[in-house]
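One structure is given below, encoded as structure tokens.
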Amino acid sequence: MPSADIPARGDDSARAETTVPGAADAVAHDGGGAGESVEAVARGQAALLGPAEVRTLAERFGVRPTKQLGQNFVHDANTVRRIVAAAGVGRDDLVVEVGPGLGSLTLALLDVVDRVVAVEIDPVLAEHLPATVADRAPTLAERLHVVRADALRVAAADLPVEPTALVANLPYNVAVPVLLHLLAELPSLRTALVMVQAEVADRLAAEPGSRVYGVPSVKAGFFGTVRRAGAIGTQVFWPVPRVDSGLVRVQRFAEAPWPIDEEHRRRVFEVVDAAFAQRRKTLRAALAGWAGSTAESERRLRAAGIDPAARGETLDTAAFVRLAAQG
């Protein structure tokens, strides 16, 4: 019987091992996604949450989604299955999830991966998540570890494992800083699949020369290959957001083409920030403050094999790395 505090399980609680459709079939694609041929085999041991369960849990826990924390809870079982499929994770993966909320994505992940470390800043949600999982996926409950922390400040030492994948519905208001922080802080991550605002997804996955190419594009590209992995509509969330969402997949370089230590990353990101701070200016002018003068800016650009009359949005990450080496 379900506990007195948790809504009854719905029809999603099939106990037979099932195959989750690959991302190409399961997520509406918008230009080359990840995990096209992935088939995530679910254990069939988790009763996923639907709209009624999400609202009942929120009411019972006294939770009201807040804009301050960027909270929009997914309440569609098929959507979370599709996210897991797009992430390309499997039985051997140790997944870190940011902002698990009421547990919709958490349950779908636990049904597929080895362990889930859920990082939650909201104390009420962090407190109740283990009980929800214990009720709706009792055989998987021991695979969950909840860390109450701010994802922007969490460190590798705060986690009980070295995660191999990041899978998360990131809070809209801090999505890019959280993604970049975790890629930098957790070198064990081989891949990341995050759901963000569609506009942010476009920026992260943009190519040089694109109208939306900018700081997020270059910095995400410092860690690996970045591409769109699907589109998510508004109706699978509660409350319903005003904008569509997109999935972005970051596949970390198997062998980094440049140093990835903190000091080198800081130098590269400093140049990136300077180049896009005055987007309309040529790099010769935009980087004068960074280099100390316009003349020195031009010298460094030429030394890196870059046209001083170019603009920041035309350079790929590798070009910024070469330029930072001239500093």
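Chain labels follow the order of the structure tokens: the first chain is A, the next B, and so on; residue numbering restarts at 1 in every chain, and ligands are counted from 1 in their shown order.
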
Practice task
For Ala220 (chain A), work out the shell of residues within 8 Å, counting only C-alpha atoms and skipping chain neighbours fewer than 6 positions away, then give it as a PyMOL selection string.
Solution key: chain A and resi 180+204+226+250

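Within the 7 Å cut-off around region 286-297 of chain A, using only C-alpha atoms and omitting residues fewer than 4 positions from it on the same chain, the listed residues are Ala274, Ala275, Gln278, Lys281, Thr282 and Leu301 of chain A.
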
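Computed from the coordinates, the CA of Leu94 (chain A) to CA of Arg115 (chain A) distance equals 4.9 Å.
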
Problem - 10 Å contact set for region 234-239 of chain A, only C-alpha atoms, chain neighbours under 6 positions out, as an NGL selection string - result: :A and (50-51 or 54-55 or 64-66 or 71-80 or 245)

Write the residues you've just listed into a file as an mmCIF file, in the first residue's frame, and include N, CA and C atoms for each of them.
```cif
data_model
loop_
_atom_site.group_PDB
_atom_site.id
_atom_site.type_symbol
_atom_site.label_atom_id
_atom_site.label_comp_id
_atom_site.auth_asym_id
_atom_site.auth_seq_id
_atom_site.Cartn_x
_atom_site.Cartn_y
_atom_site.Cartn_z
ATOM 1 N N GLY A 50 3.095 11.769 -12.479
ATOM 2 C CA GLY A 50 2.265 12.449 -13.462
ATOM 3 C C GLY A 50 1.781 13.768 -12.890
ATOM 4 N N PRO A 51 0.951 14.505 -13.630
ATOM 5 C CA PRO A 51 0.464 15.814 -13.172
ATOM 6 C C PRO A 51 -0.218 15.769 -11.814
ATOM 7 N N VAL A 54 2.384 15.148 -8.987
ATOM 8 C CA VAL A 54 3.235 16.319 -8.756
ATOM 9 C C VAL A 54 2.504 17.367 -7.932
ATOM 10 N N ARG A 55 1.272 17.656 -8.302
ATOM 11 C CA ARG A 55 0.514 18.670 -7.570
ATOM 12 C C ARG A 55 0.193 18.211 -6.154
ATOM 13 N N ARG A 64 5.523 25.760 -3.064
ATOM 14 C CA ARG A 64 4.989 26.622 -4.104
ATOM 15 C C ARG A 64 6.153 27.031 -4.991
ATOM 16 N N PRO A 65 6.133 26.631 -6.264
ATOM 17 C CA PRO A 65 7.257 26.957 -7.157
ATOM 18 C C PRO A 65 7.560 28.452 -7.149
ATOM 19 N N THR A 66 8.856 28.782 -7.068
ATOM 20 C CA THR A 66 9.257 30.182 -7.001
ATOM 21 C C THR A 66 10.107 30.564 -8.203
ATOM 22 N N GLN A 71 12.000 27.489 -10.405
ATOM 23 C CA GLN A 71 11.355 26.190 -10.276
ATOM 24 C C GLN A 71 10.180 26.021 -11.236
ATOM 25 N N ASN A 72 10.308 25.056 -12.142
ATOM 26 C CA ASN A 72 9.218 24.585 -12.990
ATOM 27 C C ASN A 72 9.327 23.072 -13.006
ATOM 28 N N PHE A 73 8.366 22.393 -12.409
ATOM 29 C CA PHE A 73 8.455 20.952 -12.221
ATOM 30 C C PHE A 73 7.905 20.197 -13.433
ATOM 31 N N VAL A 74 8.687 19.242 -13.946
ATOM 32 C CA VAL A 74 8.227 18.395 -15.043
ATOM 33 C C VAL A 74 7.221 17.391 -14.489
ATOM 34 N N HIS A 75 6.080 17.245 -15.176
ATOM 35 C CA HIS A 75 5.070 16.314 -14.669
ATOM 36 C C HIS A 75 4.647 15.280 -15.716
ATOM 37 N N ASP A 76 5.470 15.105 -16.748
ATOM 38 C CA ASP A 76 5.133 14.167 -17.808
ATOM 39 C C ASP A 76 6.132 13.017 -17.834
ATOM 40 N N ALA A 77 5.635 11.795 -17.634
ATOM 41 C CA ALA A 77 6.520 10.631 -17.548
ATOM 42 C C ALA A 77 7.276 10.386 -18.844
ATOM 43 N N ASN A 78 6.622 10.560 -19.988
ATOM 44 C CA ASN A 78 7.308 10.337 -21.260
ATOM 45 C C ASN A 78 8.454 11.320 -21.464
ATOM 46 N N THR A 79 8.269 12.547 -21.004
ATOM 47 C CA THR A 79 9.326 13.551 -21.169
ATOM 48 C C THR A 79 10.575 13.172 -20.389
ATOM 49 N N VAL A 80 10.421 12.741 -19.142
ATOM 50 C CA VAL A 80 11.615 12.392 -18.370
ATOM 51 C C VAL A 80 12.280 11.133 -18.927
ATOM 52 N N SER A 245 11.566 25.027 -23.932
ATOM 53 C CA SER A 245 12.856 24.587 -23.415
ATOM 54 C C SER A 245 13.596 23.783 -24.477
#
```

Practice task
Considering only C-alpha atoms, return as a PyMOL selection string whatever protein or nucleic-acid residues lie within 8 Å of Leu283 (chain A), sequence-local ones (same chain, fewer than 5 positions apart) excluded.
Solution key: chain A and resi 275+297+308-312

Output file for the residues above (C-alpha atoms, as an mmCIF file, in the first residue's frame):
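File written: again.cif
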```cif
data_model
loop_
_atom_site.group_PDB
_atom_site.id
_atom_site.type_symbol
_atom_site.label_atom_id
_atom_site.label_comp_id
_atom_site.auth_asym_id
_atom_site.auth_seq_id
_atom_site.Cartn_x
_atom_site.Cartn_y
_atom_site.Cartn_z
ATOM 1 C CA ALA A 275 36.072 40.119 -26.700
ATOM 2 C CA SER A 297 46.218 43.942 -28.865
ATOM 3 C CA PRO A 308 42.840 42.137 -35.887
ATOM 4 C CA ALA A 309 39.823 43.428 -37.836
ATOM 5 C CA ALA A 310 37.772 40.331 -36.989
ATOM 6 C CA ARG A 311 35.075 40.301 -34.341
ATOM 7 C CA GLY A 312 34.703 37.918 -31.423
#
```
